[in-house]
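S.K.: One structure is given below, represented as structure tokens, and several questions about it will come after.
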Amino acid sequence: MEPVLLGVLLVISFLVAFAIGSNDEAMAPAVGAKVFTVNVAVAIGGLITVLGAVTLGGNVSEKVGSDLVGGLTLTTEMVFAILISMAIWLLIASATKGLPISTTQCIVGSVIGVAIFAPVIGYAGWGAEAIDWFVVLEVFAGWIISPVIGFFIAAGVFAVVRRIQKRAKGLSGLERQERLASYGLAAFLVWTSLSRGGNDVANAIAPIVVLPDFQGTLDFGSINLPIVLLPLLIGGIGMALGLIIVGRKVIRTLATEVVTLSPSSALSASVSVALIMFVGTILGLPLSGTHVLVAALIAVGWVSETPVQMKQVKDILVSWIITVPISAILGIVVLTVIQGSF
Amino acid sequence: MGTFSRIFGLGDKDLQKQADDLLLKLSKALQSASAKLHVCADDWEDGKMKNLDALQSEIIGLEREADTVKEELYDKIFSKRAYLPQQTQERYELVQHMDNVVDATEEAVRMMLVGRNYEPPDEIAEIAKKSWICTDLLQDAVKYLFTDFQKSVEYTMKIDRVREEARDLHFELLEKLFNDKKYKAKEVSLFRAVSDRLILVAVRAENTGDFIRTIAVKYS
């Protein structure tokens, strides 16, 4: 491929990774429980994300939105239109109000927009009939189920934790428990960030890792490094910078503007989210990690009888609802702009 | 946990020990000031005037000591994150409540000495005794807050009951002051001011107890 075009693709992937990193983060519970400051959280999160992207992102098999258009293959322009529109909306949500939105929702919205609009600009065989509406329905059902499951499981887990905590006879014993929870939370979120880095980098660099330019190895004497490490590293750095520069706003929203967290409640919410996502993946349920996390945070706040900031919750819900139509519109606009570029 | 604690600024054990010692010191200062206030009220009632100034100085000294302990806790310990922020916040509020009790003790003794040339009604010494018992119980409630929530709550309940007895005495005194013709207007005003300040010691001890109970109920 032309070096200039390859460079452009890498820049786009970097920007998409930056946008994903700015919104899809794991450190908010630790900041909410005041185990990490925002600066420490983004520094650790950024570092671990790069590490995760490079070490665990090698098996990139993500096919952006391919399930939604069964039987058809998205063209390179379409894939980039989807990714760029997703990046734009993620950045707007993160940078303006720090709202945590679902990357999957962005992708679904822009795939729908792109697929429906494609025939208007000359893509034959596309249109509303190209979309597998059953899959769309499944995904929508997942968005409704995700917060509900997230709420009840996290509430249940934290209720059990609270029962265990009540065994502490005095404040000193309880503080010891909270201290242990804070170390557990720190370790757990480092591990979560590592796997998240590996998974999320797929969304950003999936279209470019299949290019022949990134196959093979680079030889440095006796050391052979796969060239695919380059896009993985670029994606990882992009996500890390997104987290460090813009992501702190999303962290603040989730950490301090929804409920007040303690190390034990934050750990309960984080473990619940991981459990739900793990079981959801095994059962093939299309759950949204962001939705589950927000619901889990509300649940632990509810169990610990701390006030839930309903205005902030309302803003988050509104952002979730408008994500699909806005991503669809952005997908159409971006596809129109980049049409014929690749 | 050493290196890890330093990285995240959590739970330095030396600082925690210092904080616990300072809190104990504050608790003792509070109880001691109140005990001296009780002695002062007894002496005033018995006409033993020679010790009043010394007792006042000692109480003022204890109040200053409590302030120093409070500042030491704020500056040296809370700011360095001996505890997690939630725990720091609860300790901070507890220290503030306890300091308010000592402040009230100083106010009461000062007012008492303003009226040293008058002969106080018996209820003054009785209210001072009840206030002292409240702070004595509070000292135990604070101690048990860290080791046994249930016992701590039991002590706060006892504070409530003694404070109610103090309140009853306070109203008995007011009734006497406003209805007994033997008291002149100046005396009514003086004894009312003294009793108001004495009852404030008990009320603030009760407030501290309520705060302790809130923490205990929250976590147990």
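Chain labels follow the order of the structure tokens: the first chain is A, the next B, and so on; residue numbering restarts at 1 in every chain, and ligands are counted from 1 in their shown order.
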Residues of chain B that have any atom at most 8 Å from an atom of chain A: could you tabulate them with the shortest-distance atom pair and the distance in Å to one decimal, using only C-alpha atoms, ordered by chain and increasing number, as JSON lines?
M.R.:
```
{"residue": "B:Phe8", "atom": "CA", "partner": "A:Phe36", "partner_atom": "CA", "distance": 6.8}
{"residue": "B:Leu10", "atom": "CA", "partner": "A:Val35", "partner_atom": "CA", "distance": 7.9}
{"residue": "B:Gly11", "atom": "CA", "partner": "A:Arg179", "partner_atom": "CA", "distance": 7.4}
{"residue": "B:Leu84", "atom": "CA", "partner": "A:Lys34", "partner_atom": "CA", "distance": 7.4}
{"residue": "B:Pro85", "atom": "CA", "partner": "A:Lys34", "partner_atom": "CA", "distance": 6.6}
{"residue": "B:Gln86", "atom": "CA", "partner": "A:Ser262", "partner_atom": "CA", "distance": 7.4}
{"residue": "B:Gln87", "atom": "CA", "partner": "A:Glu175", "partner_atom": "CA", "distance": 7.2}
{"residue": "B:Tyr144", "atom": "CA", "partner": "A:Gly170", "partner_atom": "CA", "distance": 7.2}
{"residue": "B:Leu145", "atom": "CA", "partner": "A:Gly170", "partner_atom": "CA", "distance": 5.7}
{"residue": "B:Phe146", "atom": "CA", "partner": "A:Leu171", "partner_atom": "CA", "distance": 4.3}
{"residue": "B:Thr147", "atom": "CA", "partner": "A:Gly170", "partner_atom": "CA", "distance": 4.0}
{"residue": "B:Asp148", "atom": "CA", "partner": "A:Gly170", "partner_atom": "CA", "distance": 4.4}
{"residue": "B:Phe149", "atom": "CA", "partner": "A:Gly170", "partner_atom": "CA", "distance": 5.1}
{"residue": "B:Gln150", "atom": "CA", "partner": "A:Lys169", "partner_atom": "CA", "distance": 7.7}
{"residue": "B:Ala216", "atom": "CA", "partner": "A:Gly170", "partner_atom": "CA", "distance": 7.8}
{"residue": "B:Tyr219", "atom": "CA", "partner": "A:Lys166", "partner_atom": "CA", "distance": 6.4}
{"residue": "B:Ser220", "atom": "CA", "partner": "A:Lys166", "partner_atom": "CA", "distance": 5.0}
```
S.K.: Store the residues of this selection in a file with N, CA and C atoms, as a compact mmCIF listing (two decimals), in the first residue's frame.
M.R.:
```txt
# COMPACT_ATOMS: atom_id res chain seq x y z
N PHE B 8 0.51 4.48 47.22
CA PHE B 8 -0.86 4.98 47.15
C PHE B 8 -1.24 5.88 48.31
N LEU B 10 -1.71 5.18 51.46
CA LEU B 10 -2.75 4.63 52.31
C LEU B 10 -2.17 4.00 53.57
N GLY B 11 -2.91 4.17 54.64
CA GLY B 11 -2.75 3.35 55.82
C GLY B 11 -1.34 3.20 56.41
N LEU B 84 -7.88 5.83 54.87
CA LEU B 84 -8.59 6.09 53.63
C LEU B 84 -9.45 7.34 53.83
N PRO B 85 -9.76 8.07 52.76
CA PRO B 85 -10.48 9.33 52.92
C PRO B 85 -11.79 9.25 53.70
N GLN B 86 -12.57 8.19 53.47
CA GLN B 86 -13.85 8.08 54.20
C GLN B 86 -13.59 7.98 55.70
N GLN B 87 -12.57 7.18 56.04
CA GLN B 87 -12.25 6.98 57.45
C GLN B 87 -11.69 8.27 58.05
N TYR B 144 -14.69 2.38 72.79
CA TYR B 144 -15.28 1.16 72.24
C TYR B 144 -15.67 1.27 70.76
N LEU B 145 -15.78 2.51 70.28
CA LEU B 145 -16.11 2.68 68.86
C LEU B 145 -15.13 1.90 67.98
N PHE B 146 -13.89 1.83 68.42
CA PHE B 146 -12.86 1.19 67.60
C PHE B 146 -12.78 -0.32 67.78
N THR B 147 -13.38 -0.80 68.88
CA THR B 147 -13.25 -2.25 69.13
C THR B 147 -14.57 -2.98 69.21
N ASP B 148 -15.63 -2.29 69.61
CA ASP B 148 -16.90 -2.98 69.81
C ASP B 148 -18.07 -2.00 69.62
N PHE B 149 -18.70 -2.09 68.44
CA PHE B 149 -19.79 -1.14 68.12
C PHE B 149 -20.93 -1.23 69.14
N GLN B 150 -21.25 -2.48 69.52
CA GLN B 150 -22.41 -2.66 70.39
C GLN B 150 -22.21 -1.97 71.75
N ALA B 216 -21.63 3.68 64.18
CA ALA B 216 -21.79 2.28 64.62
C ALA B 216 -22.96 1.61 63.89
N TYR B 219 -22.23 0.79 60.22
CA TYR B 219 -21.33 -0.33 59.93
C TYR B 219 -21.67 -1.62 60.64
N SER B 220 -22.74 -1.61 61.44
CA SER B 220 -23.01 -2.86 62.17
C SER B 220 -24.42 -3.37 61.88
```
S.K.: Contacts of Ser13 (chain A) at 12 Å or less, counting only C-alpha atoms, minus same-chain residues fewer than 2 places along, as a PyMOL selection string?
M.R.: chain A and resi 6-11+15-20+79-84+86-87+200-209+230-239
S.K.: Compile the contact shell of Ala141 (chain B) as a list in words: residues with an atom at most 7 Å away, counting only C-alpha atoms, same-chain residues fewer than 3 positions apart removed.
M.R.: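 Once the nearby chain positions are removed, what remains is Leu137, Leu138, Tyr144, Leu145, Ser152, Val153, Tyr155 and Thr156 of chain B.
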S.K.: List as a list of chain:residue names the protein and nucleic acid residues near Asp99 (chain B), meaning an atom at most 10 Å away when only C-alpha atoms are counted, but skip any in the same chain fewer than 5 places from it.
M.R.: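 Final neighbour list, sorted by chain and number: B:Leu26, B:Ser27, B:Ala29, B:Leu30, B:Glu63, B:Ala66, B:Asp67, B:Val69, B:Lys70, B:Glu93, B:Leu94, B:Ala104, B:Thr105, B:Arg204, B:Thr208.
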S.K.: So that I can check the secondary structure, give me every residue of region 137-288 of chain A assigned alpha helix (DSSP H) by backbone DSSP, as a PyMOL selection string.
M.R.: chain A and resi 137-165+171-209+229-242+248-256+263-283
S.K.: Env of Ser102 (chain A): 10 Å cut, atoms = only C-alpha atoms, seq-sep filter 6 positions within chain, self excluded. Answer as a list in words.
M.R.: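 The residues satisfying every condition are Ile20, Asn23, Asp24, Met86, Leu90, Val108, Trp143, Ser288, Gly289, Thr290, His291, Ser319, Trp320, Thr323 and Val324 of chain A.
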S.K.: Could you write those residues out with C-alpha atoms, as a PDB file, in the first residue's frame?
M.R.:
```
ATOM      1  CA  ILE A  20     -12.132   4.631  22.710  1.00  0.00           C
ATOM      2  CA  ASN A  23     -14.537   6.822  27.153  1.00  0.00           C
ATOM      3  CA  ASP A  24     -14.099   3.117  27.776  1.00  0.00           C
ATOM      4  CA  MET A  86     -17.898   6.146  16.575  1.00  0.00           C
ATOM      5  CA  LEU A  90     -17.223   8.990  21.853  1.00  0.00           C
ATOM      6  CA  VAL A 108     -24.509  -0.500  15.981  1.00  0.00           C
ATOM      7  CA  TRP A 143     -29.014  -2.917  26.390  1.00  0.00           C
ATOM      8  CA  SER A 288     -22.800  -3.670  27.416  1.00  0.00           C
ATOM      9  CA  GLY A 289     -19.952  -3.318  29.924  1.00  0.00           C
ATOM     10  CA  THR A 290     -20.632   0.402  30.338  1.00  0.00           C
ATOM     11  CA  HIS A 291     -24.331  -0.155  31.075  1.00  0.00           C
ATOM     12  CA  SER A 319     -26.827   9.874  26.262  1.00  0.00           C
ATOM     13  CA  TRP A 320     -27.423   6.128  25.885  1.00  0.00           C
ATOM     14  CA  THR A 323     -26.206   7.389  20.918  1.00  0.00           C
ATOM     15  CA  VAL A 324     -27.744   5.119  18.272  1.00  0.00           C
TER      16      VAL A 324
END
```
S.K.: Using DSSP secondary structure from the backbone, list all strand (DSSP E or B) positions within region 86-328 of chain A, as a PyMOL selection string.
M.R.: chain A and resi 217-220+223-226
S.K.: Choose the residue, out of B:Leu198, B:Leu22, B:Thr88, B:Cys40, that has the smallest atom-to-atom separation from Asp103 (chain B); count only C-alpha atoms.
M.R.: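 Nearest to Asp103 (chain B): B:Leu198.
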S.K.: Have a look at B:Gly209, B:Pro121, B:Gly61, B:Gly115 and name the one nearest to Leu174 (chain B); count only C-alpha atoms.
M.R.: B:Pro121
S.K.: Using only C-alpha atoms, which of B:Met112, B:Val217, B:Ile59, B:Val142 sits nearest Asp20 (chain B)?
M.R.: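 The answer is B:Val142, which sits nearest to Asp20 (chain B).
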S.K.: With a distance cut-off of 10 Å and only C-alpha atoms, select the neighbouring residues of Asp213 (chain A), excluding the residue or stretch itself and same-chain residues fewer than 3 positions from it, and output the selection as an MDAnalysis selection string.
M.R.: chainID A and resid 1:3 6 208:210 216 227:228
S.K.: Would you compute the distance between CA of Glu129 (chain A) and CA of Leu287 (chain A)? Give it in Å to one decimal.
M.R.: 24.9 Å
S.K.: What's around Val194 (chain B) at 9 Å? Count only C-alpha atoms, leave out sequence neighbours fewer than 2 positions away in its own chain, and write the answer as a short mmCIF file (atom, residue, chain, number, x, y, z; two decimals) with C-alpha atoms, in the first residue's frame.
M.R.:
```
data_model
loop_
_atom_site.label_atom_id
_atom_site.label_comp_id
_atom_site.auth_asym_id
_atom_site.auth_seq_id
_atom_site.Cartn_x
_atom_site.Cartn_y
_atom_site.Cartn_z
CA GLU B 107 -17.19 28.54 78.48
CA ALA B 108 -19.00 27.07 81.47
CA VAL B 109 -16.11 27.50 83.93
CA ARG B 110 -15.49 31.08 82.79
CA MET B 111 -19.15 31.95 83.36
CA MET B 112 -19.06 30.24 86.72
CA GLY B 115 -20.47 34.80 89.37
CA ILE B 124 -25.84 24.07 89.39
CA SER B 189 -29.59 36.13 84.70
CA LEU B 190 -26.26 34.85 86.03
CA PHE B 191 -27.41 31.37 87.15
CA ARG B 192 -29.34 30.92 83.95
CA ASP B 196 -27.15 27.07 80.01
CA ARG B 197 -23.42 26.63 79.55
CA LEU B 198 -23.26 23.61 81.83
CA ILE B 199 -26.10 21.89 80.02
#
```
S.K.: Given only C-alpha atoms as the basis, pick out the residue of B:Val95, B:Ile60, B:Ala166, B:Leu177 nearest to Ser131 (chain B).
M.R.: B:Ala166
S.K.: Which value, in Å to one decimal, gives the distance between CA of Val292 (chain A) and CA of Leu330 (chain A)?
M.R.: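 For CA of Val292 (chain A) relative to CA of Leu330 (chain A), the distance reads 25.6 Å.
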